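Below is query-v1.cif, holding mmCIF, C-alpha atoms.
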data_model
loop_
_atom_site.label_atom_id
_atom_site.label_comp_id
_atom_site.auth_asym_id
_atom_site.auth_seq_id
_atom_site.Cartn_x
_atom_site.Cartn_y
_atom_site.Cartn_z
CA MET A 1 -78.87 59.26 10.00
CA VAL A 2 -77.87 58.33 6.50
CA THR A 3 -74.38 57.38 7.73
CA VAL A 4 -75.79 55.15 10.48
CA HIS A 5 -78.05 53.29 8.05
CA ARG A 6 -75.13 52.70 5.67
CA SER A 7 -72.95 51.26 8.46
CA ALA A 8 -75.71 48.96 9.63
CA ARG A 9 -76.30 47.79 6.08
CA LEU A 10 -72.56 47.04 5.61
CA ILE A 11 -72.40 44.99 8.82
CA PHE A 12 -75.53 43.05 7.88
CA THR A 13 -74.22 42.30 4.37
CA THR A 14 -70.83 41.11 5.67
CA THR A 15 -72.40 38.83 8.26
CA LEU A 16 -74.82 37.36 5.73
CA GLY A 17 -71.94 36.68 3.30
CA ALA A 18 -69.90 34.90 5.95
CA VAL A 19 -72.82 32.67 6.95
CA PHE A 20 -73.60 31.88 3.32
CA GLY A 21 -69.95 31.03 2.64
CA PHE A 22 -69.81 28.72 5.66
CA PHE A 23 -72.79 26.68 4.48
CA ILE A 24 -71.41 26.47 0.96
CA GLY A 25 -68.05 25.26 2.31
CA VAL A 26 -69.40 22.47 4.50
CA SER A 27 -71.62 21.25 1.70
CA LEU A 28 -68.65 20.63 -0.69
CA PRO A 29 -66.34 17.48 -0.48
CA ALA A 30 -63.11 17.95 1.43
CA VAL A 31 -59.98 18.50 -0.68
CA SER A 32 -56.62 17.21 0.66
CA LEU A 33 -53.51 19.07 -0.41
CA THR A 34 -51.58 15.85 -0.11
CA LYS A 35 -53.56 14.47 -3.04
CA ILE A 36 -52.58 17.25 -5.38
CA ARG A 37 -50.14 15.88 -7.94
CA PHE A 38 -47.32 18.02 -9.33
CA PRO A 39 -44.84 16.94 -12.03
CA SER A 40 -41.68 15.40 -10.54
CA SER A 41 -39.50 18.05 -12.18
CA ILE A 42 -41.38 20.76 -10.29
CA ILE A 43 -41.09 18.86 -7.00
CA THR A 44 -37.32 18.38 -7.50
CA SER A 45 -36.83 22.02 -8.37
CA LEU A 46 -38.84 23.14 -5.36
CA ASP A 47 -36.94 20.76 -3.08
CA VAL A 48 -33.56 22.00 -4.29
CA ALA A 49 -34.69 25.60 -4.01
CA PHE A 50 -35.93 25.19 -0.43
CA THR A 51 -32.80 23.22 0.51
CA GLU A 52 -30.56 25.95 -0.82
CA LEU A 53 -32.59 28.56 1.04
CA ARG A 54 -32.23 26.63 4.29
CA ARG A 55 -28.46 25.96 3.77
CA PRO A 56 -26.54 29.03 2.59
CA ASN A 57 -23.22 28.65 0.82
CA PRO A 58 -20.27 28.39 3.20
CA PRO A 59 -18.33 31.59 3.50
CA PRO A 60 -14.82 31.76 2.03
CA ASN A 61 -12.05 29.82 3.84
CA ARG A 62 -14.50 27.42 5.46
CA SER A 63 -14.80 23.72 4.75
CA LEU A 64 -18.08 22.09 3.90
CA GLU A 65 -17.56 20.05 7.04
CA ASP A 66 -18.09 23.25 9.05
CA GLU A 67 -21.70 23.16 7.91
CA GLY A 68 -22.47 19.91 9.71
CA SER A 69 -23.03 16.39 8.44
CA GLU A 70 -25.38 17.51 5.67
CA GLY A 71 -22.75 19.87 4.32
CA VAL A 72 -20.33 17.11 3.29
CA PRO A 73 -20.99 15.98 -0.28
CA LYS A 74 -20.98 12.29 -1.07
CA ILE A 75 -17.69 11.53 -2.83
CA TYR A 76 -16.59 8.36 -4.57
CA VAL A 77 -13.68 8.50 -6.99
CA PRO A 78 -12.80 4.98 -8.20
CA THR A 79 -9.50 6.16 -9.70
CA ASN A 80 -8.22 7.24 -6.28
CA PRO A 81 -5.75 4.92 -4.49
CA ARG A 82 -7.42 1.89 -2.95
CA GLY A 83 -9.06 2.84 0.33
CA ALA A 84 -9.15 6.55 -0.49
CA GLU A 85 -12.09 6.53 -2.90
CA THR A 86 -14.22 8.72 -0.61
CA LEU A 87 -11.67 11.55 -0.50
CA PRO A 88 -11.52 14.48 -2.92
CA PRO A 89 -8.51 13.84 -5.20
CA GLY A 90 -6.94 17.20 -4.39
CA ILE A 91 -6.24 16.23 -0.76
CA ILE A 92 -4.65 12.83 -1.43
CA VAL A 93 -0.90 12.36 -0.89
CA PRO A 94 -0.17 8.83 -2.14
CA GLN A 95 3.61 8.91 -1.70
CA SER A 96 6.11 9.96 0.94
CA ASP A 97 9.86 10.30 1.49
CA LEU A 98 12.51 10.02 4.19
CA TYR A 99 13.34 13.72 4.38
CA LEU A 100 13.89 14.85 7.96
CA ARG A 101 11.65 17.74 9.01
CA ARG A 102 11.57 20.17 11.91
CA LEU A 103 8.94 20.31 14.63
CA TRP A 104 8.63 24.11 14.33
CA GLY A 105 8.48 26.85 11.70
CA GLU A 106 6.95 26.79 8.25
CA PRO A 107 6.95 23.39 6.51
CA SER A 108 8.06 25.04 3.27
CA ALA A 109 11.30 26.10 4.98
CA ASP A 110 12.13 22.70 6.49
CA LEU A 111 14.38 21.35 3.77
CA LYS A 112 17.65 23.04 2.93
CA THR A 113 18.48 20.21 0.52
CA THR A 114 16.43 17.41 -1.00
CA PRO A 115 18.63 14.37 -1.71
CA LYS A 116 17.96 12.76 -5.07
CA TYR A 117 19.26 9.29 -4.22
CA LEU A 118 18.96 6.91 -1.26
CA VAL A 119 21.74 4.66 0.09
CA SER A 120 20.87 2.02 2.68
CA PHE A 121 23.30 -0.15 4.61
CA THR A 122 22.46 -3.03 6.94
CA VAL A 123 24.98 -2.61 9.74
CA GLY A 124 26.41 -3.77 13.02
CA ILE A 125 28.70 -1.76 15.26
CA ASN A 126 31.74 -3.90 14.40
CA GLN A 127 31.73 -2.47 10.87
CA LYS A 128 31.44 1.14 12.02
CA LYS A 129 34.72 2.27 10.46
CA ASN A 130 33.96 0.52 7.20
CA ILE A 131 30.56 2.20 6.93
CA ASP A 132 32.08 5.58 7.80
CA ALA A 133 34.47 5.20 4.88
CA ALA A 134 31.62 4.14 2.58
CA VAL A 135 29.29 7.00 3.53
CA LYS A 136 32.03 9.52 2.76
CA LYS A 137 31.97 8.33 -0.86
CA PHE A 138 28.49 9.80 -1.28
CA SER A 139 27.72 13.52 -1.60
CA GLU A 140 24.84 15.46 -0.05
CA ASN A 141 22.74 14.34 -3.01
CA PHE A 142 22.49 10.96 -1.28
CA ALA A 143 20.33 10.32 1.79
CA ILE A 144 21.85 7.75 4.16
CA LEU A 145 19.72 5.09 5.84
CA LEU A 146 21.17 2.60 8.33
CA PHE A 147 19.37 -0.60 9.32
CA HIS A 148 20.85 -1.74 12.65
CA TYR A 149 20.66 -5.49 13.18
CA ASP A 150 22.41 -5.31 16.58
CA GLY A 151 20.30 -2.55 18.13
CA ARG A 152 23.30 -0.30 18.80
CA THR A 153 22.54 3.11 17.33
CA SER A 154 23.82 5.77 19.74
CA GLU A 155 27.44 4.73 19.22
CA TRP A 156 27.28 6.05 15.67
CA ASP A 157 26.84 9.62 16.91
CA GLU A 158 30.58 10.19 16.81
CA PHE A 159 30.18 10.70 13.06
CA GLU A 160 28.76 14.05 11.98
CA TRP A 161 26.96 12.47 9.03
CA SER A 162 25.17 10.06 11.39
CA LYS A 163 23.22 12.96 12.88
CA ARG A 164 21.64 13.57 9.47
CA ALA A 165 21.13 9.89 8.65
CA ILE A 166 17.98 7.86 9.21
CA HIS A 167 18.43 5.03 11.71
CA VAL A 168 16.13 2.01 11.90
CA SER A 169 16.87 -0.48 14.65
CA VAL A 170 15.40 -3.98 14.76
CA LYS A 171 17.59 -6.70 16.18
CA ARG A 172 18.75 -9.79 14.31
CA GLN A 173 17.16 -9.18 10.93
CA ALA A 174 18.57 -9.35 7.41
CA LYS A 175 18.83 -6.74 4.69
CA TRP A 176 15.86 -7.88 2.65
CA TRP A 177 13.64 -8.09 5.73
CA TYR A 178 14.29 -4.37 6.29
CA ALA A 179 13.90 -3.53 2.61
CA LYS A 180 10.50 -5.19 2.38
CA ARG A 181 9.17 -3.36 5.42
CA PHE A 182 10.79 0.07 5.27
CA LEU A 183 11.52 0.71 1.58
CA HIS A 184 8.06 0.46 0.08
CA PRO A 185 8.11 2.08 -3.38
CA ASP A 186 5.65 4.76 -2.27
CA ILE A 187 7.93 5.66 0.66
CA VAL A 188 11.09 6.00 -1.45
CA ALA A 189 9.41 7.45 -4.54
CA ALA A 190 11.27 10.75 -4.10
CA TYR A 191 14.60 9.10 -4.94
CA GLU A 192 15.78 8.43 -8.48
CA TYR A 193 18.05 5.55 -7.44
CA ILE A 194 18.05 3.29 -4.39
CA PHE A 195 21.23 1.56 -3.19
CA ILE A 196 20.68 -1.53 -1.01
CA TRP A 197 24.15 -2.47 0.18
CA ASP A 198 25.87 -4.83 2.58
CA GLU A 199 28.25 -3.53 5.24
CA ASP A 200 31.41 -5.38 4.15
CA LEU A 201 32.28 -3.46 1.00
CA GLY A 202 35.58 -1.72 0.33
CA VAL A 203 34.99 1.55 -1.52
CA GLU A 204 38.46 2.99 -2.09
CA HIS A 205 37.89 3.05 -5.87
CA PHE A 206 34.26 4.18 -5.78
CA ASP A 207 32.54 7.57 -6.10
CA GLY A 208 28.77 7.88 -5.79
CA GLU A 209 28.27 10.82 -8.16
CA LYS A 210 30.43 9.29 -10.89
CA TYR A 211 28.59 6.01 -10.50
CA ILE A 212 25.22 7.70 -11.09
CA GLN A 213 26.59 9.42 -14.19
CA LEU A 214 27.63 6.08 -15.68
CA VAL A 215 24.37 4.36 -14.77
CA LYS A 216 22.49 7.05 -16.67
CA LYS A 217 24.96 7.00 -19.56
CA TYR A 218 24.48 3.27 -20.15
CA GLY A 219 20.76 3.17 -19.37
CA LEU A 220 21.07 0.77 -16.43
CA GLU A 221 17.87 0.33 -14.42
CA ILE A 222 19.44 -2.34 -12.19
CA SER A 223 23.19 -2.32 -11.62
CA GLN A 224 26.09 -2.87 -9.27
CA PRO A 225 29.72 -1.77 -9.09
CA GLY A 226 32.26 -4.18 -10.51
CA LEU A 227 33.92 -6.48 -7.95
CA GLU A 228 37.65 -6.77 -7.46
CA PRO A 229 38.57 -9.97 -9.36
CA ASN A 230 40.86 -11.35 -6.67
CA ASN A 231 38.40 -11.42 -3.78
CA GLY A 232 36.26 -14.55 -3.70
CA LEU A 233 34.16 -14.03 -6.80
CA THR A 234 31.28 -16.37 -7.52
CA TRP A 235 30.12 -15.11 -10.92
CA GLU A 236 32.01 -13.93 -13.98
CA MET A 237 29.31 -11.36 -14.73
CA THR A 238 30.07 -9.23 -11.69
CA LYS A 239 33.86 -9.29 -12.07
CA ARG A 240 35.36 -5.88 -12.79
CA ARG A 241 36.83 -5.37 -16.24
CA GLY A 242 39.68 -2.94 -16.36
CA ASP A 243 39.32 -1.96 -20.02
CA ARG A 244 35.84 -0.39 -20.00
CA GLU A 245 33.37 1.73 -18.05
CA ALA A 246 30.57 -0.84 -17.87
CA HIS A 247 29.47 -4.19 -19.26
CA LYS A 248 26.17 -6.02 -19.66
CA ASP A 249 27.13 -9.61 -20.49
CA THR A 250 29.87 -12.18 -20.07
CA GLU A 251 30.89 -15.74 -20.85
CA GLU A 252 30.46 -18.32 -18.12
CA LYS A 253 31.50 -21.90 -17.63
CA PRO A 254 30.19 -24.32 -20.29
CA GLY A 255 26.57 -25.23 -19.70
CA TRP A 256 25.89 -22.48 -17.17
CA CYS A 257 23.88 -20.27 -19.53
CA SER A 258 21.01 -21.65 -21.58
CA ASP A 259 20.75 -18.30 -23.37
CA PRO A 260 23.42 -15.57 -23.72
CA HIS A 261 20.80 -12.98 -22.70
CA LEU A 262 19.86 -14.78 -19.48
CA PRO A 263 21.54 -15.06 -16.04
CA PRO A 264 24.24 -15.57 -15.12
CA CYS A 265 25.65 -14.52 -18.53
CA ALA A 266 23.53 -11.35 -18.78
CA ALA A 267 20.65 -9.54 -17.04
CA PHE A 268 22.31 -10.34 -13.73
CA VAL A 269 23.75 -8.61 -10.66
CA GLU A 270 24.38 -9.99 -7.19
CA ILE A 271 22.39 -9.06 -4.09
CA MET A 272 25.32 -7.71 -2.04
CA ALA A 273 25.39 -4.23 -3.64
CA PRO A 274 22.50 -3.70 -6.07
CA VAL A 275 21.34 -0.29 -7.25
CA PHE A 276 17.79 0.17 -8.55
CA SER A 277 16.12 2.94 -10.47
CA ARG A 278 12.88 4.17 -8.95
CA GLU A 279 10.84 2.28 -11.56
CA ALA A 280 12.81 -0.97 -11.28
CA TRP A 281 12.57 -0.93 -7.49
CA ARG A 282 8.78 -0.67 -7.65
CA CYS A 283 8.78 -4.05 -9.36
CA ALA A 284 11.62 -5.62 -7.36
CA TRP A 285 9.98 -4.77 -4.03
CA HIS A 286 6.98 -6.88 -4.99
CA LEU A 287 9.29 -9.77 -5.83
CA ILE A 288 10.71 -9.91 -2.28
CA GLN A 289 8.98 -12.55 -0.17
CA ASN A 290 7.93 -11.57 3.36
CA ASP A 291 9.30 -14.70 4.99
CA LEU A 292 12.42 -15.26 2.88
CA VAL A 293 14.68 -12.75 4.59
CA HIS A 294 18.06 -13.47 2.99
CA GLY A 295 17.06 -12.70 -0.59
CA TRP A 296 18.86 -15.66 -2.13
CA GLY A 297 17.50 -16.27 -5.62
CA LEU A 298 16.41 -12.68 -6.21
CA ASP A 299 19.46 -12.02 -8.37
CA PHE A 300 18.29 -14.53 -10.98
CA ALA A 301 14.74 -13.13 -11.00
CA LEU A 302 15.38 -9.37 -11.15
CA ARG A 303 15.46 -9.54 -14.95
CA ARG A 304 11.65 -9.77 -14.85
CA CYS A 305 11.48 -6.15 -13.69
CA VAL A 306 13.01 -4.45 -16.75
CA GLU A 307 12.71 -4.95 -20.48
CA PRO A 308 14.90 -5.76 -22.32
CA ALA A 309 16.75 -7.03 -19.28
CA HIS A 310 20.05 -7.76 -21.03
CA GLU A 311 20.24 -4.08 -21.99
CA LYS A 312 19.05 -2.51 -18.73
CA ILE A 313 20.93 -4.62 -16.17
CA GLY A 314 24.69 -4.30 -15.96
CA VAL A 315 27.91 -3.79 -14.02
CA VAL A 316 29.79 -0.48 -13.71
CA ASP A 317 33.47 -1.35 -14.04
CA SER A 318 35.21 1.99 -13.60
CA GLN A 319 33.58 2.53 -10.19
CA TRP A 320 34.39 -0.68 -8.41
CA ILE A 321 34.32 -2.16 -4.92
CA VAL A 322 35.88 -4.97 -2.92
CA HIS A 323 33.72 -7.60 -1.26
CA GLN A 324 35.41 -8.24 2.07
CA VAL A 325 33.36 -11.39 2.73
CA ILE A 326 32.76 -10.77 6.45
CA PRO A 327 30.04 -13.20 7.65
CA SER A 328 28.67 -10.73 10.18
CA LEU A 329 25.08 -11.99 10.10
CA GLY A 330 26.29 -15.45 11.05
CA SER A 331 26.94 -14.24 14.58
CA GLN A 332 23.28 -13.23 14.87
CA GLY A 333 22.08 -16.83 14.67
CA ASP A 334 21.58 -19.35 17.45
CA PRO A 335 23.47 -22.63 17.81
CA GLU A 336 21.18 -25.57 17.07
CA ASP A 337 21.76 -29.33 16.91
CA GLY A 338 25.42 -28.88 17.70
CA LYS A 339 25.97 -26.49 14.79
CA ALA A 340 27.62 -23.09 15.07
CA PRO A 341 25.36 -20.03 14.63
CA TRP A 342 26.78 -19.22 11.20
CA GLU A 343 26.05 -22.75 9.97
CA GLY A 344 22.37 -22.38 10.78
CA VAL A 345 22.24 -19.06 8.94
CA ARG A 346 23.95 -20.52 5.88
CA THR A 347 21.59 -23.51 5.84
CA ARG A 348 18.58 -21.21 5.90
CA CYS A 349 20.03 -19.15 3.04
CA LYS A 350 20.29 -22.25 0.86
CA ASN A 351 16.83 -23.46 1.82
CA GLU A 352 15.35 -20.05 1.03
CA TRP A 353 16.93 -20.13 -2.41
CA ALA A 354 15.27 -23.46 -3.17
CA GLU A 355 11.95 -22.25 -1.77
CA PHE A 356 12.04 -19.04 -3.80
CA GLN A 357 12.73 -20.97 -7.00
CA ALA A 358 9.83 -23.30 -6.25
CA ARG A 359 7.45 -20.39 -5.61
CA LEU A 360 8.47 -18.59 -8.77
CA LEU A 361 8.06 -21.73 -10.85
CA GLY A 362 4.66 -22.35 -9.31
CA ALA A 363 3.57 -18.78 -10.00
CA ASP A 364 4.71 -19.04 -13.62
CA GLN A 365 2.84 -22.29 -14.13
CA ALA A 366 -0.33 -20.95 -12.51
CA TYR A 367 -0.24 -17.85 -14.70
CA LEU A 368 0.33 -19.81 -17.91
CA SER A 369 -2.40 -22.28 -17.01
CA GLN A 370 -4.88 -19.49 -16.31
CA ARG A 371 -3.93 -17.71 -19.51
CA GLY A 372 -4.43 -20.92 -21.47
CA ARG A 373 -7.92 -21.36 -20.05
CA GLY A 374 -8.76 -17.78 -20.95
#
Taking this structure as input, can you express it in the form of structure tokens?
Amino acid sequence: MVTVHRSARLIFTTTLGAVFGFFIGVSLPAVSLTKIRFPSSIITSLDVAFTELRRPNPPPNRSLEDEGSEGVPKIYVPTNPRGAETLPPGIIVPQSDLYLRRLWGEPSADLKTTPKYLVSFTVGINQKKNIDAAVKKFSENFAILLFHYDGRTSEWDEFEWSKRAIHVSVKRQAKWWYAKRFLHPDIVAAYEYIFIWDEDLGVEHFDGEKYIQLVKKYGLEISQPGLEPNNGLTWEMTKRRGDREAHKDTEEKPGWCSDPHLPPCAAFVEIMAPVFSREAWRCAWHLIQNDLVHGWGLDFALRRCVEPAHEKIGVVDSQWIVHQVIPSLGSQGDPEDGKAPWEGVRTRCKNEWAEFQARLLGADQAYLSQRGRG
């Protein structure tokens, strides 16, 4: 009986407490949890903690992108190349090359050799034998690039070296048109020196490796081989001198040079067979105008790309060439107003020279005016 009374008393007490608690609760003002204020530091810490609990760290060998859109961190690196600011710097490849790669196997095993220099020729099939002779003057350290202005590429396959060369075919274009579009400094950054040569050059007395040695010896950032004196020379500066390895200045006709350190007495090479260092080409490429395809006038302006120009631009005499003066591009023009195709091409060359000079003068004046206002 005692046990029964105790149980009844416990039930009664519990019920009475619940009823009493209910009335106390309804008599007090409601409290909203949303109105409870915590310090912002606590909220932030809690938020981060709960976020980390909900999103575990990605396992090894998985990208954050595998975790969904919320797993990709917001990236903005202003020092990245323009347009790539939202990429992590470690994945960016800002430069390329013209090395030929396989479609199979490991990429690391693709390249048996990595040429250090690049030689480009702008060619037509009629000069095939001449180009074959020229290419054989360059060792495996030189990559060969042919720009075909006549569209005929397969006929070069008779040469073994042609199978390793890079061929770019766009009909009826000039050397500097190709150079502007296919030799961007970031594309040819792998090469220490870039040769941009015409197709009508005799190379019997030329050797590519020896030429590079002399260019480095004399510190030439922009250079060309000396030209045979008896073959239609225009400028004294580019004439080969038989008593030396290289030269950097000359004497011209009276009144031709306003300063002995300026073209055409110094800091000058012609555009038929220039050779650029990697650094000099980065500047020279920007100097080429998109619509002025013949490059006339560039030779007088290249001095702006190296300093001091009269020390870093020169002619290599002991490795010399012959300019055969074959007007091959003339045949790529159209007859207009009763003029032969070559006449129209020559007229445009002269007009481009005048236009380039006008643009350069205008750019100089605009810069000096802006600097004066600053």
Using only C-alpha atoms, find the one residue out of A:Asp259, A:Asp198, A:Asp157, A:Asp299 that sits nearest to Ile222 in chain A.
->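 For Ile222 in chain A, the nearest of the candidates is A:Asp299.
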Could you check which of A:Ser318, A:Thr114, A:Asn80, A:Thr234 is closest to Gln213 in chain A, using all atoms listed in the file?
->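 The shortest atom-to-atom distance to Gln213 in chain A comes from A:Ser318.
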Take the PyMOL selection byres ((chain A and resi 237) around 7), run it mentally on this structure, and tell me the resulting residues as a compact mmCIF listing (two decimals) with C-alpha atoms, in the frame of the given file.
# COMPACT_ATOMS: atom_id res chain seq x y z
CA TRP A 235 30.12 -15.11 -10.92
CA GLU A 236 32.01 -13.93 -13.98
CA THR A 238 30.07 -9.23 -11.69
CA LYS A 239 33.86 -9.29 -12.07
CA ASP A 249 27.13 -9.61 -20.49
CA THR A 250 29.87 -12.18 -20.07
CA PRO A 264 24.24 -15.57 -15.12
CA CYS A 265 25.65 -14.52 -18.53
Got a sec: who's within 12 Å of Asn126 in chain A, counting only C-alpha atoms, leaving out chain neighbours fewer than 5 positions off, as number ranges by chain?
-> A: 131-132, 148-150, 152-153, 155-156, 199-200, 326-329, 331
Take the residues that were just selected and, keeping C-alpha atoms, output them as a PDB file, in the coordinates of the input.
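Okay, again16.pdb is ready:
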ATOM      1  CA  ILE A 131      30.560   2.200   6.930  1.00  0.00           C
ATOM      2  CA  ASP A 132      32.080   5.580   7.800  1.00  0.00           C
ATOM      3  CA  HIS A 148      20.850  -1.740  12.650  1.00  0.00           C
ATOM      4  CA  TYR A 149      20.660  -5.490  13.180  1.00  0.00           C
ATOM      5  CA  ASP A 150      22.410  -5.310  16.580  1.00  0.00           C
ATOM      6  CA  ARG A 152      23.300  -0.300  18.800  1.00  0.00           C
ATOM      7  CA  THR A 153      22.540   3.110  17.330  1.00  0.00           C
ATOM      8  CA  GLU A 155      27.440   4.730  19.220  1.00  0.00           C
ATOM      9  CA  TRP A 156      27.280   6.050  15.670  1.00  0.00           C
ATOM     10  CA  GLU A 199      28.250  -3.530   5.240  1.00  0.00           C
ATOM     11  CA  ASP A 200      31.410  -5.380   4.150  1.00  0.00           C
ATOM     12  CA  ILE A 326      32.760 -10.770   6.450  1.00  0.00           C
ATOM     13  CA  PRO A 327      30.040 -13.200   7.650  1.00  0.00           C
ATOM     14  CA  SER A 328      28.670 -10.730  10.180  1.00  0.00           C
ATOM     15  CA  LEU A 329      25.080 -11.990  10.100  1.00  0.00           C
ATOM     16  CA  SER A 331      26.940 -14.240  14.580  1.00  0.00           C
TER      17      SER A 331
END
Using all atoms listed in the file: which of A:Pro107, A:Ala301, A:Arg172, A:Val135 has the shortest distance to Val345 in chain A |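 Smallest distance to Val345 in chain A is found for A:Arg172.
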